[in-house]
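Enquirer: Got a structure here, written out as structure tokens. Questions coming.
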2 protein chains.
Amino acid sequence: MIPAEARRRFRDGVVTPTAGWCPGFTQANLITVPRAQAWDFLLFAQRDPKPCPVLDVLDAGAVAGPLLDGDVRTDLPLYRVYVDGELVEEVADVRGWWREDLVSFLIGCSFTFERALGAAGVPVRHVEQDVNVPMYRTSWRCREAGAVSGPLVVSMRYVPGSLVETAVAVTARYPAVHGAPVHVGDPRELGIADLDAPDHGDAVRPEPGDVPVFWACGVTPQAAVVESRPPLAVAHAPGHMLITDARDDDYRV
Amino acid sequence: MIPAEARRRFRDGVVTPTAGWCPGFTQANLITVPRAQAWDFLLFAQRDPKPCPVLDVLDAGAVAGPLLDGDVRTDLPLYRVYVDGELVEEVADVRGWWREDLVSFLIGCSFTFERALGAAGVPVRHVEQDVNVPMYRTSWRCREAGAVSGPLVVSMRYVPGSLVETAVAVTARYPAVHGAPVHVGDPRELGIADLDAPDHGDAVRPEPGDVPVFWACGVTPQAAVVESRPPLAVAHAPGHMLITDARDDDYRV
């Protein structure tokens with residue numbers, strides 16, 4: 001399926017996590033804030049490129065751009081709306097919240113490198129188990145920018161111990177979609193108490209010999225919204241991404 | 001010499017191009033504009049990451065940051081000052097122009113990968129010939145952002161034909177400092193009429209069998225200043241860079 005067709009289906013009401021949709025095309029995190037807060041958010045992303053690799057920024061009020069020819073208010077399967085940092089709604093269409101001063105950021109997503117992991121022989125457990133990737137708020141702090149601050153959020157993939165080096169090398173070639181892991185092994189180093197209780201997504205079952213490997217995650221801007229409390233923010237629901245017209249290979253170094 | 005010592009010498013009045021200074025430490029382009037124009041400039045950089053890879057953005061009014069502990073108004077050997085897009089002064093100290101609303105962008109510089117080119121056996125002719133790297137305005141347009149638009153500026157290095165592939169592979173691993181070339185071969189493809197008449201820097205003598213190879217250049221924001229005419233802009237004089245405390249290796253993928 002081509003991305004425009006997937007976006008049409010979501011626009012027509014299909015609600016589903018997007019892992020595995022449109023193989024080879026890049027999926028993106030969405031974070032939309034008013035122009036008055038956009039400078040701090042762009043600077044935050046610039047200063048924290050591992051969790052917030054910016055693929056594109058739309059002009060204020062714009063609902064489409066070079067990476068998608070549709071409508072960023074309807075073409076994701078599910079959104080989260082935050083008012084003053086509080087999650088007020090999870091909804092499939094945010095046209096009712098739209099304002100002409102809203103600036104949309106498209107942030108790279110680690111789904112982009114999962115096909116490359118598979119091609120390199122690294123099993124992707126959450127895809128095997130047909131669940132959403134598990135995501136965790138950590139105790140690590142992002143570098144702040146003006147009024148915007150927050151913790152690092154990570155995604156976790158169990159990787160067979162003998163393949164951790166391969167997983168690092170493969171993903172390091174995708175710096176625009178989180179790149180190499182931020183941590184391998186003990187989750188307590190990140191302040192994560194229980195891998196079976198992710199903050200977003202689903203718990204994943206490890207196979208014998210698996211090691212937890214953590215990548216910076218594009219949900220990080222939403223944690224910053226919660227902490228920084230802009231008057232309005234619109235984001236994708238975790239795992240329910242924007243499927244862009246860009247190719248995964250475009251982001252490989 | 002460590003970067004802090006180099007910056008001290010420039011602060012004390014030494015004026016010189018910085019190629020070859022502090023090997024292993026990253027040099028950066030500087031572009032400083034008022035906060036009112038900074039959003040458009042940051043978006044321009046975001047949309048044109050090949051010529052404008054942002055290494056850091058200082059807070060409004062700030063003269064130091066994580067990449068340098070000195071004073072960005074004095075610690076470069078030579079500056080250019082633009083008023084309404086006109087070059088009005090080339091000066092070694094810009095404290096007299098400083099305003100509390102000025103935002104400084106540090107942009108990656110291709111000097112960063114020259115040591116890696118040398119280590120891979122690729123001769124760097126302008127270093128051999130002890131001149132500044134030649135830079136050219138091209139007929140290629142950058143993707144614009146709000147009020148900011150301009151042409152792509154490139155740096156050129158002659159590379160032996162048999163080593164072009166090596167030069168591409170080596171520099172592709174440094175996406176934060178312009179990365180792989182934008183063009184190899186015929187300069188007319190870029191709208192460059194005469195390689196012996198660079199717009200900035202010095203003409204370089206090719207050796208037999210050399211091919212011109214073009215990389216996106218951090219002088220591009222200055223071309224955008226000329227075209228977009230912000231009320232004030234401060235930049236490094238071409239080739240007279242900020243020497244940061246970051247390591248070249250930090251920017252290798």
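A note on labels: chains of the structure tokens are A, B, ... as shown, every chain counts residues from 1, and ligands are counted from 1 in their shown order.
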Report as a list in words the set of chain A residues whose atoms approach chain B to within 7 Å, with distances computed over only C-alpha atoms.

Expert: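 Residues passing the distance filter: Trp39, Arg47, Asp56, Ala172, Arg173 and Val253 of chain A.
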
Enquirer: Print the selection's residues with C-alpha atoms to a file, as a CSV table (one decimal), in the first residue's frame.

Expert:
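Saved the output as again06.csv:
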chain,number,residue,atom,x,y,z
A,39,TRP,CA,10.7,28.7,18.8
A,47,ARG,CA,19.4,20.6,21.3
A,56,ASP,CA,10.3,18.7,8.6
A,172,ALA,CA,23.8,4.2,13.9
A,173,ARG,CA,23.4,4.7,10.1
A,253,VAL,CA,23.8,7.5,5.9

Enquirer: Determine which residues of region 55-243 of chain A DSSP labels as alpha helix (DSSP H) from the backbone of this structure, then write them out as number ranges by chain.

Expert: A: 111-119, 125-128, 164-172, 220-228

Enquirer: Find the residues around Thr138 (chain A) up to 6 Å (only C-alpha atoms counted), leave out those fewer than 4 positions away in its own chain, and share them as a list of chain:residue names.

Expert: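 So, after excluding close chain neighbours, the residues are A:Leu152, A:Val153, A:Leu190, A:Gly191.
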
Enquirer: So that I can see what lies close to region 236-249 of chain B, please list as JSON, numbers by chain the residues with an atom at most 8 Å from it, counting only C-alpha atoms and leaving out residues fewer than 6 positions away in the same chain.

Expert: {"B": [3, 4, 6, 7, 16, 17, 18, 19, 22, 24, 25, 26, 27, 28, 29, 30, 31, 67, 68, 72, 75, 76, 77, 78, 79, 80, 90, 112, 113, 132, 133, 200, 201, 219]}

Enquirer: For Val226 (chain B), find every residue with an atom within 9 Å (counting only C-alpha atoms), except residues of its own chain fewer than 5 positions away, and show them as a PyMOL selection string.

Expert: chain B and resi 82+84-87+150+221

Enquirer: Could you save those same residues with N, CA and C atoms as a PDB file, in the first residue's frame?

Expert:
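Writing done, so here's selection.pdb:
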ATOM      1  N   TYR B  82      26.605  42.748   8.795  1.00  0.00           N
ATOM      2  CA  TYR B  82      25.658  43.122   7.738  1.00  0.00           C
ATOM      3  C   TYR B  82      24.523  43.947   8.337  1.00  0.00           C
ATOM      4  N   ASP B  84      20.865  45.501   7.132  1.00  0.00           N
ATOM      5  CA  ASP B  84      19.884  45.419   6.038  1.00  0.00           C
ATOM      6  C   ASP B  84      20.455  44.663   4.831  1.00  0.00           C
ATOM      7  N   GLY B  85      21.226  43.632   5.098  1.00  0.00           N
ATOM      8  CA  GLY B  85      21.758  42.788   4.031  1.00  0.00           C
ATOM      9  C   GLY B  85      23.012  43.313   3.356  1.00  0.00           C
ATOM     10  N   GLU B  86      23.464  44.512   3.752  1.00  0.00           N
ATOM     11  CA  GLU B  86      24.691  45.083   3.185  1.00  0.00           C
ATOM     12  C   GLU B  86      25.863  44.805   4.120  1.00  0.00           C
ATOM     13  N   LEU B  87      26.964  44.326   3.546  1.00  0.00           N
ATOM     14  CA  LEU B  87      28.188  44.159   4.334  1.00  0.00           C
ATOM     15  C   LEU B  87      28.732  45.540   4.668  1.00  0.00           C
ATOM     16  N   GLY B 150      17.701  32.154  -0.346  1.00  0.00           N
ATOM     17  CA  GLY B 150      19.018  32.439  -0.908  1.00  0.00           C
ATOM     18  C   GLY B 150      19.561  31.266  -1.697  1.00  0.00           C
ATOM     19  N   PRO B 221      24.313  30.722   4.846  1.00  0.00           N
ATOM     20  CA  PRO B 221      23.476  31.679   5.587  1.00  0.00           C
ATOM     21  C   PRO B 221      23.848  33.133   5.307  1.00  0.00           C
TER      22      PRO B 221
END

Enquirer: Set the distance at 7 Å and use only C-alpha atoms: which residues neighbour region 157-168 of chain B once local chain neighbours fewer than 2 positions away are removed? I'd like the list as a ChimeraX atom specification.

Expert: /B:117,122,124-125,155,170-172,180-181,206,209-214

Enquirer: Apply DSSP to the structure's backbone, then extract all residues of region 55-220 of chain A labelled strand (DSSP E or B) and return them as an MDAnalysis selection string.

Expert: chainID A and resid 55:57 65 68 79:83 86:91 102:108 135:141 145 148 151:160 183:184 200 210:216

Enquirer: Go ahead and write the selection's residues with C-alpha atoms as an mmCIF file, in the first residue's frame.

Expert:
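Produced file selection-v9.cif, reproduced below:
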data_model
loop_
_atom_site.group_PDB
_atom_site.id
_atom_site.type_symbol
_atom_site.label_atom_id
_atom_site.label_comp_id
_atom_site.auth_asym_id
_atom_site.auth_seq_id
_atom_site.Cartn_x
_atom_site.Cartn_y
_atom_site.Cartn_z
ATOM 1 C CA LEU A 55 12.346 15.650 9.541
ATOM 2 C CA ASP A 56 10.322 18.744 8.638
ATOM 3 C CA VAL A 57 8.547 21.765 10.085
ATOM 4 C CA GLY A 65 4.186 19.873 3.209
ATOM 5 C CA LEU A 68 2.796 14.606 2.853
ATOM 6 C CA TYR A 79 -4.221 11.980 17.982
ATOM 7 C CA ARG A 80 -3.701 13.270 21.477
ATOM 8 C CA VAL A 81 -4.744 16.815 22.380
ATOM 9 C CA TYR A 82 -3.131 18.595 25.320
ATOM 10 C CA VAL A 83 -4.432 21.831 26.882
ATOM 11 C CA GLU A 86 -3.109 18.102 30.355
ATOM 12 C CA LEU A 87 -4.186 15.314 28.005
ATOM 13 C CA VAL A 88 -7.797 16.277 27.307
ATOM 14 C CA GLU A 89 -8.754 14.111 24.339
ATOM 15 C CA GLU A 90 -7.697 11.160 22.201
ATOM 16 C CA VAL A 91 -9.412 11.625 18.865
ATOM 17 C CA LEU A 102 -0.273 26.192 14.784
ATOM 18 C CA VAL A 103 3.156 24.937 13.721
ATOM 19 C CA SER A 104 3.576 21.203 13.066
ATOM 20 C CA PHE A 105 6.858 19.359 13.616
ATOM 21 C CA LEU A 106 7.457 15.988 11.984
ATOM 22 C CA ILE A 107 9.930 14.020 14.104
ATOM 23 C CA GLY A 108 11.773 10.874 13.008
ATOM 24 C CA MET A 135 8.111 3.092 25.562
ATOM 25 C CA TYR A 136 9.306 4.401 28.929
ATOM 26 C CA ARG A 137 9.821 7.790 30.570
ATOM 27 C CA THR A 138 13.353 7.852 31.973
ATOM 28 C CA SER A 139 15.099 9.743 34.743
ATOM 29 C CA TRP A 140 17.444 11.283 32.174
ATOM 30 C CA ARG A 141 16.797 14.959 31.486
ATOM 31 C CA ALA A 145 15.296 25.396 25.671
ATOM 32 C CA VAL A 148 10.541 23.772 27.253
ATOM 33 C CA PRO A 151 12.625 13.836 30.526
ATOM 34 C CA LEU A 152 14.001 11.575 27.821
ATOM 35 C CA VAL A 153 11.499 8.953 26.633
ATOM 36 C CA VAL A 154 12.919 5.756 25.128
ATOM 37 C CA SER A 155 11.652 2.812 23.123
ATOM 38 C CA MET A 156 12.968 -0.648 24.015
ATOM 39 C CA ARG A 157 13.738 -3.641 21.830
ATOM 40 C CA TYR A 158 15.006 -6.953 23.179
ATOM 41 C CA VAL A 159 17.980 -8.048 21.094
ATOM 42 C CA PRO A 160 19.857 -11.381 21.300
ATOM 43 C CA HIS A 183 21.709 2.597 26.444
ATOM 44 C CA VAL A 184 22.182 -1.182 26.430
ATOM 45 C CA HIS A 200 3.238 3.772 26.397
ATOM 46 C CA ASP A 210 17.892 -11.316 24.935
ATOM 47 C CA VAL A 211 19.290 -8.002 26.204
ATOM 48 C CA PRO A 212 17.147 -4.837 26.482
ATOM 49 C CA VAL A 213 18.353 -2.116 24.115
ATOM 50 C CA PHE A 214 17.020 1.428 24.417
ATOM 51 C CA TRP A 215 16.627 4.045 21.707
ATOM 52 C CA ALA A 216 15.624 7.700 22.146
#

Enquirer: Quick one, how far is CA of Thr74 (chain A) from CA of Glu227 (chain A)?

Expert: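 Between CA of Thr74 (chain A) and CA of Glu227 (chain A) the gap is 26.2 Å.
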
Enquirer: Expressed in Å to a single decimal, how great is the separation between CA of Pro53 (chain B) and CA of Val177 (chain B)?

Expert: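 These atoms are spaced 6.2 Å apart.
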